[in-house]
>>> print(open('target12.cif').read())   # mmCIF, C-alpha atoms, pLDDT in the B column; chains and numbers go by the auth columns
data_final
loop_
_atom_site.group_PDB
_atom_site.id
_atom_site.type_symbol
_atom_site.label_atom_id
_atom_site.label_comp_id
_atom_site.label_asym_id
_atom_site.label_seq_id
_atom_site.Cartn_x
_atom_site.Cartn_y
_atom_site.Cartn_z
_atom_site.B_iso_or_equiv
_atom_site.auth_seq_id
_atom_site.auth_asym_id
ATOM 1 C CA MET A 1 0.000 0.000 0.000 49.00 923 J
ATOM 2 C CA ASP A 2 1.560 3.332 -1.031 68.00 924 J
ATOM 3 C CA ILE A 3 1.908 6.334 1.258 71.00 925 J
ATOM 4 C CA GLU A 4 -0.899 8.308 -0.444 74.00 926 J
ATOM 5 C CA GLN A 5 -3.446 5.543 0.156 79.00 927 J
ATOM 6 C CA LYS A 6 -2.324 5.183 3.763 83.00 928 J
ATOM 7 C CA GLN A 7 -2.704 8.920 4.235 86.00 929 J
ATOM 8 C CA ALA A 8 -6.233 8.859 2.842 90.00 930 J
ATOM 9 C CA GLU A 9 -7.259 6.076 5.210 93.00 931 J
ATOM 10 C CA HIS A 10 -5.738 7.746 8.278 94.00 932 J
ATOM 11 C CA ILE A 11 -7.276 11.113 7.391 95.00 933 J
ATOM 12 C CA ASP A 12 -10.697 9.540 6.947 96.00 934 J
ATOM 13 C CA TYR A 13 -10.373 7.833 10.345 96.00 935 J
ATOM 14 C CA PHE A 14 -9.407 11.007 12.228 97.00 936 J
ATOM 15 C CA VAL A 15 -12.027 13.139 10.477 97.00 937 J
ATOM 16 C CA LYS A 16 -14.682 10.712 11.716 96.00 938 J
ATOM 17 C CA GLN A 17 -13.164 10.833 15.198 97.00 939 J
ATOM 18 C CA ALA A 18 -13.214 14.632 15.195 96.00 940 J
ATOM 19 C CA LEU A 19 -16.854 14.668 14.104 96.00 941 J
ATOM 20 C CA SER A 20 -17.860 12.477 17.030 96.00 942 J
ATOM 21 C CA HIS A 21 -15.936 14.275 19.812 95.00 943 J
ATOM 22 C CA LYS A 22 -15.958 17.693 21.464 93.00 944 J
ATOM 23 C CA GLY A 23 -14.076 19.553 24.146 92.00 945 J
ATOM 24 C CA ALA A 24 -11.515 17.576 26.148 93.00 946 J
ATOM 25 C CA SER A 25 -12.131 14.342 24.244 96.00 947 J
ATOM 26 C CA LEU A 26 -11.508 16.190 20.978 97.00 948 J
ATOM 27 C CA ALA A 27 -8.200 17.441 22.409 96.00 949 J
ATOM 28 C CA ASN A 28 -7.205 13.807 22.846 96.00 950 J
ATOM 29 C CA VAL A 29 -8.079 13.154 19.206 97.00 951 J
ATOM 30 C CA VAL A 30 -5.728 15.998 18.229 97.00 952 J
ATOM 31 C CA ILE A 31 -2.937 14.494 20.346 97.00 953 J
ATOM 32 C CA GLU A 32 -3.513 11.075 18.785 97.00 954 J
ATOM 33 C CA ALA A 33 -3.538 12.474 15.238 97.00 955 J
ATOM 34 C CA THR A 34 -0.377 14.541 15.696 97.00 956 J
ATOM 35 C CA SER A 35 1.392 11.545 17.240 97.00 957 J
ATOM 36 C CA HIS A 36 0.410 9.017 14.554 96.00 958 J
ATOM 37 C CA PRO A 37 3.566 7.717 12.793 93.00 959 J
ATOM 38 C CA SER A 38 1.961 7.579 9.335 93.00 960 J
ATOM 39 C CA LEU A 39 -0.138 10.762 9.249 95.00 961 J
ATOM 40 C CA PHE A 40 1.435 13.864 7.690 95.00 962 J
ATOM 41 C CA ALA A 41 -1.604 15.876 6.504 94.00 963 J
ATOM 42 C CA PHE A 42 -4.043 17.679 8.799 96.00 964 J
ATOM 43 C CA SER A 43 -6.051 20.201 6.766 94.00 965 J
ATOM 44 C CA GLU A 44 -9.094 17.919 6.482 96.00 966 J
ATOM 45 C CA ILE A 45 -9.170 17.511 10.280 97.00 967 J
ATOM 46 C CA LEU A 46 -8.774 21.280 10.705 96.00 968 J
ATOM 47 C CA ALA A 47 -11.826 21.831 8.504 95.00 969 J
ATOM 48 C CA VAL A 48 -14.120 19.825 10.812 96.00 970 J
ATOM 49 C CA SER A 49 -16.589 22.152 12.515 96.00 971 J
ATOM 50 C CA ASN A 50 -16.054 20.592 15.947 95.00 972 J
ATOM 51 C CA VAL A 51 -12.337 21.349 15.705 97.00 973 J
ATOM 52 C CA LEU A 52 -12.925 24.958 14.656 96.00 974 J
ATOM 53 C CA GLU A 53 -15.253 25.384 17.609 95.00 975 J
ATOM 54 C CA LEU A 54 -12.289 24.907 19.943 96.00 976 J
ATOM 55 C CA GLN A 55 -11.342 28.507 19.142 95.00 977 J
ATOM 56 C CA GLY A 56 -11.853 30.709 22.210 94.00 978 J
ATOM 57 C CA THR A 57 -12.375 27.765 24.581 94.00 979 J
ATOM 58 C CA GLU A 58 -10.095 26.387 27.265 95.00 980 J
ATOM 59 C CA HIS A 59 -8.932 23.838 24.698 95.00 981 J
ATOM 60 C CA SER A 60 -8.103 26.363 21.961 96.00 982 J
ATOM 61 C CA SER A 61 -4.384 25.602 22.332 97.00 983 J
ATOM 62 C CA TYR A 62 -5.072 22.217 20.728 97.00 984 J
ATOM 63 C CA LEU A 63 -6.506 23.965 17.679 97.00 985 J
ATOM 64 C CA ASP A 64 -3.285 26.012 17.529 97.00 986 J
ATOM 65 C CA LEU A 65 -1.286 22.805 17.924 97.00 987 J
ATOM 66 C CA LEU A 66 -3.114 21.187 15.018 97.00 988 J
ATOM 67 C CA ARG A 67 -2.454 24.261 12.874 97.00 989 J
ATOM 68 C CA LEU A 68 1.223 24.042 13.810 97.00 990 J
ATOM 69 C CA PHE A 69 1.391 20.446 12.597 98.00 991 J
ATOM 70 C CA ALA A 70 -0.408 21.411 9.404 96.00 992 J
ATOM 71 C CA HIS A 71 1.880 24.304 8.485 95.00 993 J
ATOM 72 C CA GLY A 72 4.666 24.835 11.022 96.00 994 J
ATOM 73 C CA THR A 73 8.123 23.539 11.910 97.00 995 J
ATOM 74 C CA TRP A 74 10.078 22.484 14.962 98.00 996 J
ATOM 75 C CA ASN A 75 11.518 25.992 15.331 97.00 997 J
ATOM 76 C CA ASP A 76 7.984 27.438 15.160 97.00 998 J
ATOM 77 C CA TYR A 77 7.038 25.235 18.106 98.00 999 J
ATOM 78 C CA LYS A 78 10.060 26.324 20.131 97.00 1000 J
ATOM 79 C CA SER A 79 9.178 29.962 19.486 96.00 1001 J
ATOM 80 C CA ASN A 80 5.604 29.431 20.744 96.00 1002 J
ATOM 81 C CA ALA A 81 6.060 26.611 23.260 95.00 1003 J
ATOM 82 C CA GLY A 82 4.749 28.765 26.105 94.00 1004 J
ATOM 83 C CA ARG A 83 1.216 28.893 24.690 95.00 1005 J
ATOM 84 C CA LEU A 84 1.054 25.385 23.237 97.00 1006 J
ATOM 85 C CA PRO A 85 0.589 21.994 24.900 96.00 1007 J
ATOM 86 C CA GLN A 86 3.801 20.193 25.782 96.00 1008 J
ATOM 87 C CA LEU A 87 4.737 17.650 23.107 97.00 1009 J
ATOM 88 C CA VAL A 88 5.275 13.955 23.677 97.00 1010 J
ATOM 89 C CA PRO A 89 8.279 12.247 21.966 97.00 1011 J
ATOM 90 C CA ASP A 90 6.170 10.953 19.039 97.00 1012 J
ATOM 91 C CA GLN A 91 4.918 14.488 18.364 98.00 1013 J
ATOM 92 C CA ILE A 92 8.462 15.881 18.474 98.00 1014 J
ATOM 93 C CA LEU A 93 9.589 13.260 15.970 98.00 1015 J
ATOM 94 C CA LYS A 94 6.615 14.019 13.725 97.00 1016 J
ATOM 95 C CA LEU A 95 7.228 17.768 13.799 98.00 1017 J
ATOM 96 C CA LYS A 96 10.879 17.287 12.892 98.00 1018 J
ATOM 97 C CA GLN A 97 9.863 15.056 9.966 98.00 1019 J
ATOM 98 C CA LEU A 98 7.453 17.769 8.818 98.00 1020 J
ATOM 99 C CA THR A 99 10.262 20.310 9.140 98.00 1021 J
ATOM 100 C CA VAL A 100 12.346 18.335 6.626 98.00 1022 J
ATOM 101 C CA LEU A 101 9.372 18.344 4.234 97.00 1023 J
ATOM 102 C CA THR A 102 9.032 22.118 4.554 96.00 1024 J
ATOM 103 C CA LEU A 103 12.740 22.658 3.887 97.00 1025 J
ATOM 104 C CA SER A 104 12.496 20.355 0.865 96.00 1026 J
ATOM 105 C CA GLU A 105 9.827 22.615 -0.624 91.00 1027 J
ATOM 106 C CA ILE A 106 12.296 25.492 -0.636 89.00 1028 J
ATOM 107 C CA ASN A 107 15.492 23.769 -1.770 94.00 1029 J
ATOM 108 C CA LYS A 108 16.299 20.363 -3.249 95.00 1030 J
ATOM 109 C CA VAL A 109 19.832 20.478 -1.858 97.00 1031 J
ATOM 110 C CA LEU A 110 19.771 20.771 1.937 98.00 1032 J
ATOM 111 C CA PRO A 111 23.151 21.433 3.596 97.00 1033 J
ATOM 112 C CA TYR A 112 23.793 19.706 6.907 98.00 1034 J
ATOM 113 C CA ASP A 113 24.656 23.112 8.362 97.00 1035 J
ATOM 114 C CA ILE A 114 21.029 24.164 7.797 97.00 1036 J
ATOM 115 C CA LEU A 115 19.388 20.873 8.800 98.00 1037 J
ATOM 116 C CA MET A 116 21.220 20.439 12.095 98.00 1038 J
ATOM 117 C CA PRO A 117 20.002 23.640 13.815 97.00 1039 J
ATOM 118 C CA GLU A 118 16.508 23.275 12.301 97.00 1040 J
ATOM 119 C CA LEU A 119 16.206 19.802 13.836 98.00 1041 J
ATOM 120 C CA ASP A 120 18.191 20.450 17.021 96.00 1042 J
ATOM 121 C CA VAL A 121 20.751 17.804 16.051 96.00 1043 J
ATOM 122 C CA THR A 122 24.286 18.161 17.394 93.00 1044 J
ATOM 123 C CA ASN A 123 26.337 15.910 15.096 96.00 1045 J
ATOM 124 C CA VAL A 124 26.389 14.539 11.549 96.00 1046 J
ATOM 125 C CA ARG A 125 25.940 10.889 12.578 96.00 1047 J
ATOM 126 C CA GLU A 126 22.726 11.706 14.455 97.00 1048 J
ATOM 127 C CA LEU A 127 21.457 13.781 11.537 98.00 1049 J
ATOM 128 C CA GLU A 128 22.126 11.097 8.932 97.00 1050 J
ATOM 129 C CA ASP A 129 20.510 8.423 11.116 97.00 1051 J
ATOM 130 C CA PHE A 130 17.410 10.609 11.418 98.00 1052 J
ATOM 131 C CA LEU A 131 17.226 11.285 7.675 98.00 1053 J
ATOM 132 C CA ILE A 132 17.668 7.617 6.793 97.00 1054 J
ATOM 133 C CA ASN A 133 15.538 5.972 9.464 97.00 1055 J
ATOM 134 C CA GLU A 134 12.812 8.570 10.040 97.00 1056 J
ATOM 135 C CA CYS A 135 12.463 10.109 6.590 97.00 1057 J
ATOM 136 C CA MET A 136 13.720 7.822 3.817 97.00 1058 J
ATOM 137 C CA TYR A 137 12.646 4.482 5.294 95.00 1059 J
ATOM 138 C CA VAL A 138 9.260 5.952 6.210 93.00 1060 J
ATOM 139 C CA GLY A 139 8.809 6.979 2.563 93.00 1061 J
ATOM 140 C CA ILE A 140 8.243 10.716 2.977 95.00 1062 J
ATOM 141 C CA VAL A 141 11.604 11.604 1.421 96.00 1063 J
ATOM 142 C CA ARG A 142 13.742 10.040 -1.280 96.00 1064 J
ATOM 143 C CA GLY A 143 17.222 11.311 -1.882 97.00 1065 J
ATOM 144 C CA LYS A 144 20.954 10.911 -1.512 97.00 1066 J
ATOM 145 C CA LEU A 145 23.210 11.759 1.389 97.00 1067 J
ATOM 146 C CA ASP A 146 26.388 13.381 0.089 96.00 1068 J
ATOM 147 C CA GLN A 147 28.889 13.052 2.937 94.00 1069 J
ATOM 148 C CA LEU A 148 31.634 14.797 0.987 95.00 1070 J
ATOM 149 C CA ARG A 149 29.524 17.899 0.344 96.00 1071 J
ATOM 150 C CA ARG A 150 27.668 17.479 3.657 97.00 1072 J
ATOM 151 C CA CYS A 151 24.171 17.769 2.222 97.00 1073 J
ATOM 152 C CA LEU A 152 20.944 15.927 1.420 98.00 1074 J
ATOM 153 C CA GLU A 153 20.041 15.886 -2.279 97.00 1075 J
ATOM 154 C CA VAL A 154 16.242 15.600 -2.342 97.00 1076 J
ATOM 155 C CA GLN A 155 14.714 13.652 -5.235 96.00 1077 J
ATOM 156 C CA PHE A 156 11.196 13.462 -3.773 95.00 1078 J
ATOM 157 C CA ALA A 157 9.431 14.823 -0.716 95.00 1079 J
ATOM 158 C CA ALA A 158 5.818 14.343 0.334 92.00 1080 J
ATOM 159 C CA GLY A 159 3.739 17.501 0.162 90.00 1081 J
ATOM 160 C CA ARG A 160 2.439 19.282 3.230 92.00 1082 J
ATOM 161 C CA ASP A 161 -0.901 20.994 3.774 90.00 1083 J
ATOM 162 C CA LEU A 162 -1.320 24.282 1.938 86.00 1084 J
ATOM 163 C CA ARG A 163 -0.756 27.305 4.132 77.00 1085 J
ATOM 164 C CA PRO A 164 -3.353 30.110 4.202 73.00 1086 J
ATOM 165 C CA GLY A 165 -2.901 32.210 1.067 68.00 1087 J
ATOM 166 C CA GLN A 166 -0.656 29.612 -0.573 61.00 1088 J
ATOM 167 C CA LEU A 167 -3.397 28.349 -2.901 59.00 1089 J
ATOM 168 C CA GLY A 168 -3.559 31.636 -4.814 67.00 1090 J
ATOM 169 C CA SER A 169 0.219 31.599 -5.246 66.00 1091 J
ATOM 170 C CA MET A 170 0.118 28.019 -6.509 59.00 1092 J
ATOM 171 C CA ILE A 171 -2.670 28.853 -8.973 73.00 1093 J
ATOM 172 C CA GLN A 172 -0.596 31.766 -10.290 67.00 1094 J
ATOM 173 C CA THR A 173 2.471 29.542 -10.596 72.00 1095 J
ATOM 174 C CA LEU A 174 0.492 26.907 -12.486 77.00 1096 J
ATOM 175 C CA THR A 175 -1.048 29.581 -14.719 80.00 1097 J
ATOM 176 C CA ASN A 176 2.409 30.920 -15.566 83.00 1098 J
ATOM 177 C CA TRP A 177 3.610 27.384 -16.236 78.00 1099 J
ATOM 178 C CA MET A 178 0.668 26.726 -18.564 82.00 1100 J
ATOM 179 C CA THR A 179 1.325 29.987 -20.442 84.00 1101 J
ATOM 180 C CA THR A 180 4.991 29.079 -20.840 86.00 1102 J
ATOM 181 C CA SER A 181 4.042 25.570 -21.960 87.00 1103 J
ATOM 182 C CA ASP A 182 1.575 26.947 -24.530 84.00 1104 J
ATOM 183 C CA ASN A 183 4.197 29.310 -25.919 86.00 1105 J
ATOM 184 C CA LEU A 184 6.723 26.506 -26.069 85.00 1106 J
ATOM 185 C CA LEU A 185 4.220 24.280 -27.859 85.00 1107 J
ATOM 186 C CA ILE A 186 3.524 27.019 -30.433 87.00 1108 J
ATOM 187 C CA SER A 187 7.262 27.439 -30.980 84.00 1109 J
ATOM 188 C CA ILE A 188 7.706 23.686 -31.456 90.00 1110 J
ATOM 189 C CA GLN A 189 4.807 23.538 -33.915 83.00 1111 J
ATOM 190 C CA GLU A 190 6.301 26.420 -35.902 82.00 1112 J
ATOM 191 C CA LYS A 191 9.655 24.656 -36.036 84.00 1113 J
ATOM 192 C CA ILE A 192 7.939 21.461 -37.205 88.00 1114 J
ATOM 193 C CA LYS A 193 6.191 23.400 -39.992 80.00 1115 J
ATOM 194 C CA TRP A 194 9.495 25.002 -40.982 85.00 1116 J
ATOM 195 C CA ALA A 195 11.211 21.608 -40.996 84.00 1117 J
ATOM 196 C CA ASP A 196 8.391 20.154 -43.121 81.00 1118 J
ATOM 197 C CA SER A 197 8.645 23.046 -45.600 81.00 1119 J
ATOM 198 C CA MET A 198 12.420 22.635 -45.806 81.00 1120 J
ATOM 199 C CA SER A 199 11.944 18.926 -46.361 81.00 1121 J
ATOM 200 C CA GLU A 200 9.554 19.634 -49.227 81.00 1122 J
ATOM 201 C CA LEU A 201 12.042 22.104 -50.737 81.00 1123 J
ATOM 202 C CA ASP A 202 14.798 19.518 -50.415 81.00 1124 J
ATOM 203 C CA LYS A 203 12.632 16.919 -52.120 82.00 1125 J
ATOM 204 C CA LYS A 204 11.770 19.370 -54.904 82.00 1126 J
ATOM 205 C CA HIS A 205 15.402 20.339 -55.386 84.00 1127 J
ATOM 206 C CA LYS A 206 16.471 16.687 -55.410 84.00 1128 J
ATOM 207 C CA LYS A 207 13.830 15.902 -58.027 85.00 1129 J
ATOM 208 C CA GLU A 208 14.966 18.837 -60.172 85.00 1130 J
ATOM 209 C CA VAL A 209 18.585 17.700 -59.950 88.00 1131 J
ATOM 210 C CA GLU A 210 17.638 14.131 -60.835 86.00 1132 J
ATOM 211 C CA GLU A 211 15.601 15.353 -63.813 85.00 1133 J
ATOM 212 C CA ARG A 212 18.507 17.532 -64.940 84.00 1134 J
ATOM 213 C CA VAL A 213 20.888 14.593 -64.648 85.00 1135 J
ATOM 214 C CA GLU A 214 18.555 12.470 -66.746 84.00 1136 J
ATOM 215 C CA GLU A 215 18.364 15.226 -69.351 83.00 1137 J
ATOM 216 C CA VAL A 216 22.152 15.435 -69.497 84.00 1138 J
ATOM 217 C CA LYS A 217 22.401 11.656 -69.767 81.00 1139 J
ATOM 218 C CA LYS A 218 19.904 11.622 -72.620 80.00 1140 J
ATOM 219 C CA SER A 219 21.720 14.491 -74.352 80.00 1141 J
ATOM 220 C CA LEU A 220 25.079 12.754 -74.061 79.00 1142 J
ATOM 221 C CA SER A 221 23.596 9.455 -75.252 76.00 1143 J
ATOM 222 C CA LEU A 222 21.995 11.146 -78.262 76.00 1144 J
ATOM 223 C CA LYS A 223 25.251 12.933 -79.147 72.00 1145 J
ATOM 224 C CA ALA A 224 27.220 9.699 -78.866 70.00 1146 J
ATOM 225 C CA ASP A 225 24.702 7.942 -81.086 70.00 1147 J
ATOM 226 C CA ILE A 226 24.925 10.706 -83.699 73.00 1148 J
ATOM 227 C CA ASP A 227 28.732 10.651 -83.665 67.00 1149 J
ATOM 228 C CA PHE A 228 28.755 6.879 -84.011 63.00 1150 J
ATOM 229 C CA ARG A 229 26.377 6.947 -86.947 67.00 1151 J
ATOM 230 C CA GLY A 230 28.462 9.671 -88.617 63.00 1152 J
ATOM 231 C CA HIS A 231 31.559 7.501 -88.439 59.00 1153 J
ATOM 232 C CA GLU A 232 29.647 4.551 -89.844 58.00 1154 J
ATOM 233 C CA GLU A 233 28.581 6.593 -92.870 58.00 1155 J
ATOM 234 C CA ILE A 234 32.154 7.742 -93.576 55.00 1156 J
ATOM 235 C CA TYR A 235 33.561 4.238 -93.512 54.00 1157 J
ATOM 236 C CA SER A 236 30.744 2.750 -95.544 56.00 1158 J
ATOM 237 C CA GLU A 237 30.922 5.221 -98.560 53.00 1159 J
ATOM 238 C CA PRO A 238 32.474 3.722 -101.846 55.00 1160 J
ATOM 239 C CA GLY A 239 35.923 5.147 -102.370 52.00 1161 J
ATOM 240 C CA GLY A 240 35.714 6.947 -99.193 49.00 1162 J
ATOM 241 C CA VAL A 241 38.600 4.892 -97.803 48.00 1163 J
ATOM 242 C CA MET A 242 40.856 2.733 -100.008 48.00 1164 J
ATOM 243 C CA ASP A 243 40.903 -0.887 -99.106 48.00 1165 J
ATOM 244 C CA TYR A 244 44.428 -1.747 -98.079 45.00 1166 J
ATOM 245 C CA GLU A 245 44.320 -5.333 -99.383 49.00 1167 J
ATOM 246 C CA GLU A 246 42.949 -4.132 -102.720 49.00 1168 J
ATOM 247 C CA ASP A 247 45.803 -1.646 -102.976 50.00 1169 J
ATOM 248 C CA ARG A 248 48.401 -4.358 -102.382 52.00 1170 J
ATOM 249 C CA SER A 249 46.976 -6.577 -105.140 51.00 1171 J
ATOM 250 C CA ARG A 250 47.394 -4.006 -107.884 53.00 1172 J
ATOM 251 C CA PRO A 251 50.501 -4.478 -110.134 55.00 1173 J
ATOM 252 C CA LYS A 252 53.125 -1.836 -109.712 53.00 1174 J
ATOM 253 C CA ARG A 253 54.249 0.140 -112.827 53.00 1175 J
ATOM 254 C CA ARG A 254 57.783 -0.220 -113.966 54.00 1176 J
ATOM 255 C CA ARG A 255 59.694 2.906 -114.480 54.00 1177 J
ATOM 256 C CA HIS A 256 61.797 2.916 -117.700 54.00 1178 J
ATOM 257 C CA PRO A 257 65.254 4.283 -117.460 55.00 1179 J
ATOM 258 C CA MET A 258 65.782 7.650 -119.034 54.00 1180 J
ATOM 259 C CA GLY A 259 67.742 7.495 -122.348 49.00 1181 J
#
>>> encode(input="target12.cif", output="C-alpha cells")
Amino acid sequence: MDIEQKQAEHIDYFVKQALSHKGASLANVVIEATSHPSLFAFSEILAVSNVLELQGTEHSSYLDLLRLFAHGTWNDYKSNAGRLPQLVPDQILKLKQLTVLTLSEINKVLPYDILMPELDVTNVRELEDFLINECMYVGIVRGKLDQLRRCLEVQFAAGRDLRPGQLGSMIQTLTNWMTTSDNLLISIQEKIKWADSMSELDKKHKKEVEERVEEVKKSLSLKADIDFRGHEEIYSEPGGVMDYEEDRSRPKRRRHPMG
C-alpha cells in the first residue's frame, strides 16, 4: 500500500473521530492524530466544525497545535512553546519530519549546516541516522546523502498541507507554467512546420537535380549515337577509304630508265 493511500485512510479515520468528539475528548483526538507515525496531513481535520469550535475555549491551544502540525516547523514550536501543549516524543519526531518536508519545498539540496540547527541535532551521525531511518525508510523523502559535500540531495518529498494564502500563489504559478508551456508548444509547432517546408524544398530540389541529370544523360547518349552513326557513314561510302588489301593486289608500274 503506497503512502498516499495510507494517508487517505488515516485522514478519513481522524475526520470521523473529530466529528464524534468535542471539548476535552476532541483534544485527545488531536494528540492522537499529531502523534500518529503515518499521518502527515491535517487540513481535512482542521476543517471539521467541531475542531474549529475549539477557538476561544479552554482547549483552543489544541486547535493552535493542530495548525502548527499542518503548516509549522520544529523551530515554530520552540518559538511558541509557552502557549502550546507540551509535546510527547512521538509528536516531536513528527514535527521534525514535517520540518524536513518544509525545507524540501524550498530547496532540493539541503546542507547539513542548515538541517542540524533546524532539527536540534548536534552531530552529523545523528542527523544522517534521522534522515535515513525517520524520513527515507518511512517513505516521505527520497534522496541521496552526500557526505563529501555534507548535504541531502532531495529527489522526492511528500507535500504538506497548503498554508493560508498559498493556494492563490500556486494557482498563479500553475497559470504561468501553462502559459509558458503553450508558448513553447507554439514554438515547437512552428519549427515542425518550418522543418516540413524545408523537407519539401529539399525533395523538390532533389527531383529537379535528378531530372537535370537524366536530361544530361539523354543528351550525351543522343550525341554519342549521332557521332557513331556519322563515323559509320564515312567508312561505308564507296571510295571513301581505299581498301588496303585491294591496294596491295594491284601491279606496280615499272619505271623505264631515261635514255
>>> resolve_selection(input="target12.cif", expression="the PyMOL selection byres ((chain J and resi 1065) around 9)", output="list in words")
Met1058, Val1063, Arg1064, Lys1066, Leu1067, Leu1074, Glu1075, Val1076, Gln1077, Phe1078 and Ala1079 of chain J
>>> atom_distance(input="target12.cif", atom1="CA of Glu1050 in chain J", atom2="CA of Leu961 in chain J")
22.3 Å
>>> atom_distance(input="target12.cif", atom1="CA of Gln939 in chain J", atom2="CA of Ala963 in chain J")
15.3 Å
>>> closest_residue(input="target12.cif", among="J:Asp998, J:Asp1068, J:Asp1147, J:Asp1012", to="Glu1040 in chain J", atoms="all atoms listed in the file")
J:Asp998
>>> residues_around(input="target12.cif", residues="Phe991 in chain J", least_positions_apart="5", cutoff="8 Å", atoms="all atoms listed in the file", output="list in words")
Thr956, Phe964, Leu1017 and Leu1020 of chain J
>>> closest_residue(input="target12.cif", among="J:Phe1052, J:Tyr984, J:Tyr935, J:Phe962", to="Leu948 in chain J", atoms="all atoms listed in the file")
J:Tyr984
>>> resolve_selection(input="target12.cif", expression="the PyMOL selection byres ((chain J and resi 1019) around 9)", output="list in words")
Phe962, Thr995, Trp996, Ile1014, Leu1015, Lys1016, Leu1017, Lys1018, Leu1020, Thr1021, Val1022, Leu1023, Thr1024, Leu1041, Phe1052, Leu1053, Glu1056, Cys1057 and Ile1062 of chain J
>>> atom_distance(input="target12.cif", atom1="CA of Ser1026 in chain J", atom2="CA of Lys928 in chain J")
21.4 Å
>>> closest_residue(input="target12.cif", among="J:Ser960, J:Thr1101, J:Gln1069, J:Ser1121", to="Ile925 in chain J", atoms="only C-alpha atoms")
J:Ser960
>>> residues_around(input="target12.cif", residues="Ser982 in chain J", least_positions_apart="5", cutoff="12 Å", atoms="only C-alpha atoms", output="list in words")
Lys944, Gly945, Ala946, Leu948, Ala949, Val952, Asn972, Val973, Leu974, Glu975, Leu976, Gln977, Leu987, Leu988, Arg989, Arg1005, Leu1006 and Pro1007 of chain J
>>> closest_residue(input="target12.cif", among="J:Ser1119, J:Asn1002, J:Thr1095, J:Ser983", to="Ile953 in chain J", atoms="all atoms listed in the file")
J:Ser983
>>> residues_near_point(input="target12.cif", point="(19.3, 21.8, 8.3)", cutoff="10 Å", atoms="only C-alpha atoms", output="list in words")
Thr1021, Val1022, Leu1025, Leu1032, Pro1033, Tyr1034, Asp1035, Ile1036, Leu1037, Met1038, Pro1039, Glu1040, Leu1041, Asp1042, Val1043, Leu1049, Cys1073 and Leu1074 of chain J
>>> axis_aligned_box(input="target12.cif", around="range 1005-1011 of chain J", padding_each_side="5 Å", output="AutoDock Vina command-line options")
--center_x 4.4 --center_y 20.6 --center_z 23.9 --size_x 17.7 --size_y 26.6 --size_z 13.8
>>> closest_residue(input="target12.cif", among="J:Ala992, J:Ile967, J:Leu1096, J:Ile1054", to="Asp934 in chain J", atoms="all atoms listed in the file")
J:Ile967
>>> closest_residue(input="target12.cif", among="J:Ser957, J:Gln1013, J:Ser1103, J:Thr1044", to="Phe936 in chain J", atoms="all atoms listed in the file")
J:Ser957
